[in-house]
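> Please find structure_38.txt (compact mmCIF, C-alpha atoms and all ligand atoms) on the next line:
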```txt
# COMPACT_ATOMS: atom_id res chain seq x y z
CA MET X 1 -11.30 -119.55 -113.15
CA THR X 2 -11.76 -117.63 -116.36
CA SER X 3 -15.22 -118.59 -117.58
CA LEU X 4 -18.31 -118.85 -115.43
CA PRO X 5 -19.42 -122.29 -114.18
CA THR X 6 -22.40 -123.98 -115.82
CA ASP X 7 -25.60 -124.96 -114.04
CA ALA X 8 -24.31 -128.57 -114.05
CA ASP X 9 -21.00 -127.49 -112.46
CA LEU X 10 -22.92 -125.71 -109.72
CA ARG X 11 -25.29 -128.60 -109.18
CA ALA X 12 -22.21 -130.79 -108.66
CA LEU X 13 -20.84 -128.25 -106.19
CA HIS X 14 -24.10 -128.42 -104.21
CA GLU X 15 -23.95 -132.21 -104.25
CA LYS X 16 -20.39 -132.10 -102.95
CA TYR X 17 -21.29 -130.01 -99.89
CA ALA X 18 -24.84 -131.21 -99.16
CA PRO X 19 -24.79 -133.53 -96.12
CA SER X 20 -28.03 -135.28 -97.19
CA GLN X 21 -30.40 -135.57 -100.14
CA ALA X 22 -33.00 -133.57 -98.21
CA ALA X 23 -30.53 -130.74 -97.57
CA PHE X 24 -29.56 -130.74 -101.24
CA GLU X 25 -33.16 -130.57 -102.38
CA LEU X 26 -34.00 -127.78 -99.96
CA VAL X 27 -31.02 -125.56 -100.72
CA HIS X 28 -30.40 -126.31 -104.39
CA THR X 29 -34.06 -125.94 -105.32
CA HIS X 30 -34.22 -122.65 -103.44
CA CYS X 31 -31.16 -121.44 -105.37
CA GLU X 32 -32.80 -122.45 -108.67
CA ILE X 33 -35.95 -120.58 -107.71
CA VAL X 34 -33.93 -117.46 -106.83
CA ARG X 35 -32.14 -117.79 -110.19
CA ASP X 36 -35.48 -117.96 -112.01
CA ILE X 37 -36.91 -114.99 -110.12
CA ALA X 38 -33.80 -112.90 -110.76
CA LEU X 39 -33.66 -113.75 -114.46
CA GLN X 40 -37.36 -113.07 -114.85
CA LEU X 41 -36.94 -109.62 -113.30
CA LEU X 42 -33.98 -109.02 -115.57
CA SER X 43 -35.84 -110.10 -118.69
CA VAL X 44 -38.67 -107.70 -117.92
CA ASN X 45 -36.37 -104.77 -117.20
CA GLY X 46 -33.16 -105.97 -118.81
CA ASP X 47 -32.32 -102.88 -120.85
CA ARG X 48 -32.88 -100.58 -117.96
CA HIS X 49 -30.61 -102.52 -115.62
CA ALA X 50 -27.92 -103.49 -118.14
CA LEU X 51 -26.76 -106.32 -115.91
CA ASP X 52 -24.92 -109.49 -116.90
CA PRO X 53 -27.48 -112.34 -116.82
CA GLU X 54 -24.76 -114.98 -116.66
CA LEU X 55 -23.31 -113.43 -113.53
CA VAL X 56 -26.82 -113.20 -112.04
CA ARG X 57 -27.41 -116.88 -112.87
CA VAL X 58 -24.20 -118.00 -111.16
CA GLY X 59 -24.64 -115.67 -108.20
CA ALA X 60 -28.13 -116.99 -107.52
CA LEU X 61 -27.05 -120.62 -107.79
CA VAL X 62 -24.18 -120.20 -105.32
CA HIS X 63 -25.59 -117.68 -102.86
CA ASP X 64 -26.74 -120.18 -100.20
CA ILE X 65 -24.04 -122.84 -100.57
CA GLY X 66 -22.88 -122.02 -97.02
CA VAL X 67 -26.16 -123.26 -95.56
CA TYR X 68 -24.84 -126.82 -95.89
CA ARG X 69 -22.23 -126.09 -93.22
CA LEU X 70 -25.00 -125.40 -90.72
CA PHE X 71 -26.59 -128.83 -90.86
CA ASP X 72 -25.85 -131.49 -88.28
CA ALA X 73 -23.76 -134.54 -89.21
CA ASP X 74 -26.61 -136.55 -90.71
CA GLY X 75 -27.89 -133.56 -92.66
CA ARG X 76 -31.30 -133.40 -91.04
CA ARG X 77 -31.25 -130.47 -88.66
CA LEU X 78 -30.28 -126.94 -89.58
CA ASP X 79 -28.64 -124.82 -86.87
CA LYS X 80 -31.05 -121.88 -86.96
CA GLU X 81 -29.21 -120.05 -84.17
CA ARG X 82 -26.14 -119.68 -86.35
CA TYR X 83 -28.04 -119.23 -89.60
CA LEU X 84 -26.79 -115.68 -90.06
CA ARG X 85 -23.32 -117.12 -90.64
CA HIS X 86 -24.34 -118.96 -93.81
CA GLY X 87 -23.20 -116.08 -95.98
CA VAL X 88 -19.62 -115.95 -94.71
CA LEU X 89 -19.49 -119.77 -94.67
CA GLY X 90 -20.49 -119.82 -98.33
CA HIS X 91 -17.88 -117.19 -99.14
CA GLU X 92 -15.27 -119.46 -97.52
CA ILE X 93 -16.40 -122.51 -99.48
CA LEU X 94 -16.17 -120.70 -102.80
CA ARG X 95 -12.78 -119.21 -101.93
CA GLU X 96 -11.49 -122.68 -101.01
CA GLU X 97 -12.83 -123.94 -104.34
CA GLY X 98 -10.84 -121.25 -106.16
CA PHE X 99 -13.77 -119.06 -107.14
CA PRO X 100 -12.98 -115.37 -107.69
CA GLU X 101 -13.97 -112.78 -105.11
CA ARG X 102 -16.73 -111.40 -107.33
CA LEU X 103 -18.53 -114.76 -107.06
CA CYS X 104 -17.71 -115.36 -103.37
CA ARG X 105 -19.37 -112.03 -102.58
CA PHE X 106 -22.78 -113.31 -103.70
CA CYS X 107 -22.69 -115.51 -100.59
CA SER X 108 -21.49 -113.03 -98.00
CA CYS X 109 -23.44 -110.01 -99.26
CA HIS X 110 -27.01 -111.24 -99.84
CA THR X 111 -28.41 -111.55 -96.31
CA GLY X 112 -31.49 -109.45 -95.57
CA VAL X 113 -31.03 -106.16 -97.41
CA GLY X 114 -27.38 -105.98 -96.34
CA ILE X 115 -25.70 -106.05 -92.94
CA THR X 116 -23.45 -103.21 -91.77
CA ARG X 117 -20.76 -103.20 -89.09
CA GLU X 118 -23.09 -100.93 -87.12
CA ASP X 119 -25.84 -103.58 -87.31
CA ILE X 120 -23.38 -106.17 -85.99
CA GLY X 121 -22.38 -104.00 -83.06
CA ARG X 122 -25.85 -102.74 -82.23
CA GLN X 123 -27.58 -106.12 -82.47
CA GLY X 124 -24.66 -108.21 -81.18
CA LEU X 125 -24.71 -110.36 -84.33
CA ASP X 126 -22.55 -113.48 -84.56
CA LEU X 127 -20.48 -112.32 -87.54
CA PRO X 128 -16.93 -111.03 -88.07
CA VAL X 129 -17.25 -107.24 -87.90
CA ALA X 130 -17.46 -105.90 -91.45
CA ASP X 131 -19.95 -104.47 -93.93
CA TYR X 132 -21.81 -107.15 -95.89
CA LEU X 133 -23.51 -105.06 -98.53
CA ALA X 134 -24.46 -105.79 -102.12
CA GLU X 135 -22.50 -103.39 -104.30
CA THR X 136 -22.88 -104.40 -107.93
CA GLY X 137 -26.21 -104.45 -109.72
CA GLU X 138 -25.94 -108.22 -110.05
CA GLU X 139 -25.36 -108.62 -106.29
CA ARG X 140 -28.33 -106.38 -105.58
CA LEU X 141 -30.61 -108.31 -107.91
CA VAL X 142 -29.70 -111.70 -106.39
CA MET X 143 -30.16 -110.30 -102.88
CA TYR X 144 -33.57 -108.91 -103.87
CA ALA X 145 -34.77 -112.06 -105.68
CA ASP X 146 -33.82 -114.14 -102.62
CA LYS X 147 -36.44 -112.30 -100.56
CA PHE X 148 -39.33 -113.89 -102.53
CA HIS X 149 -38.72 -117.49 -101.47
CA THR X 150 -37.91 -118.96 -98.08
CA LYS X 151 -36.54 -122.34 -97.05
CA SER X 152 -39.14 -122.68 -94.32
CA THR X 153 -40.96 -125.96 -93.58
CA PRO X 154 -42.49 -126.30 -96.07
CA PRO X 155 -40.60 -123.84 -98.27
CA SER X 156 -42.79 -120.97 -99.41
CA PHE X 157 -42.97 -117.96 -101.64
CA VAL X 158 -43.11 -114.51 -100.09
CA SER X 159 -44.84 -111.44 -101.49
CA ALA X 160 -43.15 -108.05 -101.62
CA ASP X 161 -45.63 -106.69 -99.09
CA ALA X 162 -45.00 -109.58 -96.69
CA TYR X 163 -41.23 -109.13 -96.90
CA SER X 164 -41.59 -105.40 -96.47
CA ALA X 165 -43.55 -105.95 -93.25
CA HIS X 166 -40.93 -108.44 -92.05
CA ILE X 167 -37.88 -106.29 -92.72
CA GLY X 168 -39.58 -103.23 -91.25
CA ARG X 169 -39.16 -104.80 -87.83
CA PHE X 170 -35.40 -104.28 -88.19
CA GLY X 171 -35.74 -100.53 -88.67
CA ALA X 172 -36.90 -97.85 -91.07
CA GLU X 173 -33.64 -97.81 -93.00
CA LYS X 174 -33.94 -101.53 -93.76
CA ALA X 175 -37.50 -101.04 -94.98
CA ALA X 176 -36.32 -98.13 -97.15
CA ALA X 177 -33.50 -100.27 -98.58
CA PHE X 178 -36.02 -102.93 -99.58
CA GLU X 179 -38.35 -100.38 -101.13
CA ALA X 180 -35.44 -98.98 -103.16
CA LEU X 181 -34.77 -102.48 -104.54
CA ARG X 182 -38.47 -102.93 -105.25
CA ALA X 183 -38.59 -99.64 -107.13
CA ARG X 184 -35.50 -100.56 -109.13
CA PHE X 185 -36.30 -104.15 -110.07
CA GLY X 186 -40.10 -104.38 -109.79
CA GLU X 187 -42.08 -107.30 -108.42
CA PRO X 188 -41.72 -110.79 -109.88
CA GLY X 189 -44.63 -112.89 -111.15
CA LEU X 190 -44.34 -115.98 -108.96
CA ASP X 191 -47.17 -118.17 -110.29
CA GLY X 192 -45.24 -119.72 -113.20
CA ILE X 193 -42.20 -120.37 -111.02
CA ARG X 194 -44.35 -121.90 -108.29
CA ASP X 195 -45.94 -124.22 -110.85
CA ARG X 196 -42.53 -125.24 -112.18
CA TYR X 197 -41.22 -126.40 -108.79
CA GLY X 198 -44.41 -127.90 -107.47
CA PRO X 199 -45.52 -128.96 -103.99
CA GLY X 200 -43.06 -128.53 -101.18
CA HIS X 201 -41.63 -125.40 -102.70
CA GLY X 202 -44.41 -123.00 -102.03
CA ARG X 203 -47.66 -124.25 -103.46
CA ALA X 204 -49.12 -125.12 -100.10
CA THR X 205 -48.47 -121.86 -98.32
CA ALA X 206 -48.41 -119.15 -101.00
FE FE X 301 -31.33 -117.64 -100.20
```
Go ahead and render the structure in this file as C-alpha cells.
Ligand SMILES: [Fe+2]

Amino acid sequence: MTSLPTDADLRALHEKYAPSQAAFELVHTHCEIVRDIALQLLSVNGDRHALDPELVRVGALVHDIGVYRLFDADGRRLDKERYLRHGVLGHEILREEGFPERLCRFCSCHTGVGITREDIGRQGLDLPVADYLAETGEERLVMYADKFHTKSTPPSFVSADAYSAHIGRFGAEKAAAFEALRARFGEPGLDGIRDRYGPGHGRATA
C-alpha cells in the first residue's frame, strides 16, 4: 500500500469485520469521534506538533478494528474479559489486509497510556509478552485522543480529570504518562463533537 486509505475505504473495512450493525455503529462511531478529537487537538497546536494529519486520521479510524474479534457470533456481546487483546487482534487484521507496520501499530500500541512487558508480567495480563508503547507523535496523539471517549453502555465522553483519576489506579507512572500527554497536546473541546454524534454517543452521560 503506497497511499493512505480514505475514510470510505476504512468504513468498508469496518463493515467487513463488524459482526452486526450494532457492533459497527459502536466501534466505527467511536473511531470517528477519536479521529475528530485528534484532528481538533492537532489543528489547535498543529505547528507545535508538526505531525501528519493524514496519518493521524487513518490511525484513529483503524485503532479499534480488533474489537470486532471480541464479539460473540451474533455480534451482540463483547468479551470484556479478553478486551485487552483488542489491540493485538487489530494489528493482526491490518497485517492480514496488507497494511504496513506503521498503520498496524496504531492498533497494538494505543491501549491505556501504553503497556510494557513489565506490566504484563506484574499484572499477569493476557497478552504476548512485549512492549506496546506509542512511539511516534501520531501514535501518541491517537492514543491520547482515545482516552476522551469510551464505548460504554451508553457510550460516553470522558474528561481529562476523570481519565487521570482512572489511570492513577494503575500506578503513579501511568498517571505521569497521561499528564505528559495532556501537557503536550492540551485538552480537547468536546461539546461540538458531542453535538455532531448525538444521543447514544455521550450526550446522556457527559
Ligand atoms: Fe478506542
> Counting all atoms listed in the file, which residue out of X:Glu173, X:Glu97, X:Asp191, X:Glu32 sits closest to X:Arg57?
X:Glu32
> Give the residue list for ligand FE 301 (chain X) at 12 Å, counting only C-alpha atoms and all ligand atoms, as a PDB file with C-alpha atoms, keeping the file's coordinate frame, sorted by chain and then by residue number.

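Okay, selection_32.pdb is ready:
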```pdb
ATOM      1  CA  LEU X  26     -34.000-127.780 -99.960  1.00  0.00           C
ATOM      2  CA  VAL X  27     -31.020-125.560-100.720  1.00  0.00           C
ATOM      3  CA  HIS X  28     -30.400-126.310-104.390  1.00  0.00           C
ATOM      4  CA  THR X  29     -34.060-125.940-105.320  1.00  0.00           C
ATOM      5  CA  HIS X  30     -34.220-122.650-103.440  1.00  0.00           C
ATOM      6  CA  CYS X  31     -31.160-121.440-105.370  1.00  0.00           C
ATOM      7  CA  GLU X  32     -32.800-122.450-108.670  1.00  0.00           C
ATOM      8  CA  ILE X  33     -35.950-120.580-107.710  1.00  0.00           C
ATOM      9  CA  VAL X  34     -33.930-117.460-106.830  1.00  0.00           C
ATOM     10  CA  ARG X  35     -32.140-117.790-110.190  1.00  0.00           C
ATOM     11  CA  ILE X  37     -36.910-114.990-110.120  1.00  0.00           C
ATOM     12  CA  ALA X  38     -33.800-112.900-110.760  1.00  0.00           C
ATOM     13  CA  GLY X  59     -24.640-115.670-108.200  1.00  0.00           C
ATOM     14  CA  ALA X  60     -28.130-116.990-107.520  1.00  0.00           C
ATOM     15  CA  LEU X  61     -27.050-120.620-107.790  1.00  0.00           C
ATOM     16  CA  VAL X  62     -24.180-120.200-105.320  1.00  0.00           C
ATOM     17  CA  HIS X  63     -25.590-117.680-102.860  1.00  0.00           C
ATOM     18  CA  ASP X  64     -26.740-120.180-100.200  1.00  0.00           C
ATOM     19  CA  ILE X  65     -24.040-122.840-100.570  1.00  0.00           C
ATOM     20  CA  GLY X  66     -22.880-122.020 -97.020  1.00  0.00           C
ATOM     21  CA  VAL X  67     -26.160-123.260 -95.560  1.00  0.00           C
ATOM     22  CA  TYR X  83     -28.040-119.230 -89.600  1.00  0.00           C
ATOM     23  CA  LEU X  84     -26.790-115.680 -90.060  1.00  0.00           C
ATOM     24  CA  HIS X  86     -24.340-118.960 -93.810  1.00  0.00           C
ATOM     25  CA  GLY X  87     -23.200-116.080 -95.980  1.00  0.00           C
ATOM     26  CA  GLY X  90     -20.490-119.820 -98.330  1.00  0.00           C
ATOM     27  CA  PHE X 106     -22.780-113.310-103.700  1.00  0.00           C
ATOM     28  CA  CYS X 107     -22.690-115.510-100.590  1.00  0.00           C
ATOM     29  CA  SER X 108     -21.490-113.030 -98.000  1.00  0.00           C
ATOM     30  CA  CYS X 109     -23.440-110.010 -99.260  1.00  0.00           C
ATOM     31  CA  HIS X 110     -27.010-111.240 -99.840  1.00  0.00           C
ATOM     32  CA  THR X 111     -28.410-111.550 -96.310  1.00  0.00           C
ATOM     33  CA  GLY X 112     -31.490-109.450 -95.570  1.00  0.00           C
ATOM     34  CA  VAL X 113     -31.030-106.160 -97.410  1.00  0.00           C
ATOM     35  CA  VAL X 142     -29.700-111.700-106.390  1.00  0.00           C
ATOM     36  CA  MET X 143     -30.160-110.300-102.880  1.00  0.00           C
ATOM     37  CA  TYR X 144     -33.570-108.910-103.870  1.00  0.00           C
ATOM     38  CA  ALA X 145     -34.770-112.060-105.680  1.00  0.00           C
ATOM     39  CA  ASP X 146     -33.820-114.140-102.620  1.00  0.00           C
ATOM     40  CA  LYS X 147     -36.440-112.300-100.560  1.00  0.00           C
ATOM     41  CA  PHE X 148     -39.330-113.890-102.530  1.00  0.00           C
ATOM     42  CA  HIS X 149     -38.720-117.490-101.470  1.00  0.00           C
ATOM     43  CA  THR X 150     -37.910-118.960 -98.080  1.00  0.00           C
ATOM     44  CA  LYS X 151     -36.540-122.340 -97.050  1.00  0.00           C
ATOM     45  CA  SER X 152     -39.140-122.680 -94.320  1.00  0.00           C
ATOM     46  CA  PRO X 155     -40.600-123.840 -98.270  1.00  0.00           C
ATOM     47  CA  SER X 156     -42.790-120.970 -99.410  1.00  0.00           C
ATOM     48  CA  PHE X 157     -42.970-117.960-101.640  1.00  0.00           C
TER      49      PHE X 157
END
```
> So what do you get for atom CA of X:Asp36 versus atom CA of X:Lys16, distance-wise?
22.6 Å
> Quick one, how far is atom CA of X:Ser159 from atom CA of X:Glu187?
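According to the coordinates, atom CA of X:Ser159 and atom CA of X:Glu187 are separated by 8.5 Å.
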> Write out as a tab-separated table a residue-level contact list of stretch 111-168 of chain X versus stretch 101-105 of chain X with cut-off 10 Å: for each qualifying residue the closest pair of atoms and the distance in Å to one decimal, counting all atoms listed in the file, rows sorted by chain and residue number upward.

```
residue	atom	partner	partner_atom	distance
X:Tyr132	CA	X:Arg105	CA	8.6
X:Leu133	CA	X:Arg105	CA	9.1
X:Ala134	CA	X:Arg105	CA	8.1
X:Glu135	CA	X:Arg105	CA	9.3
X:Thr136	CA	X:Arg102	CA	9.3
X:Glu139	CA	X:Arg105	CA	7.8
```
> How would the residues just chosen look if you wrote them out with C-alpha atoms as a CSV table (one decimal), in the frame of the given file?

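Writing the result to again-v5.csv gives the following:
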```csv
chain,number,residue,atom,x,y,z
X,132,TYR,CA,-21.8,-107.2,-95.9
X,133,LEU,CA,-23.5,-105.1,-98.5
X,134,ALA,CA,-24.5,-105.8,-102.1
X,135,GLU,CA,-22.5,-103.4,-104.3
X,136,THR,CA,-22.9,-104.4,-107.9
X,139,GLU,CA,-25.4,-108.6,-106.3
```
> To one decimal place, how far is atom CA of X:Phe99 from atom CA of X:Ala8 in Å?
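Distance between the two atoms: 15.8 Å.
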> X:Asp72: which residues within 12 Å, counting all atoms listed in the file, same-chain residues fewer than 5 positions away excluded, as a list in words?
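Final neighbour list, sorted by chain and number: Ala18, Pro19, Ser20, Ala23, Val67, Arg77, Leu78, Asp79, Lys80 and Arg82 of chain X.
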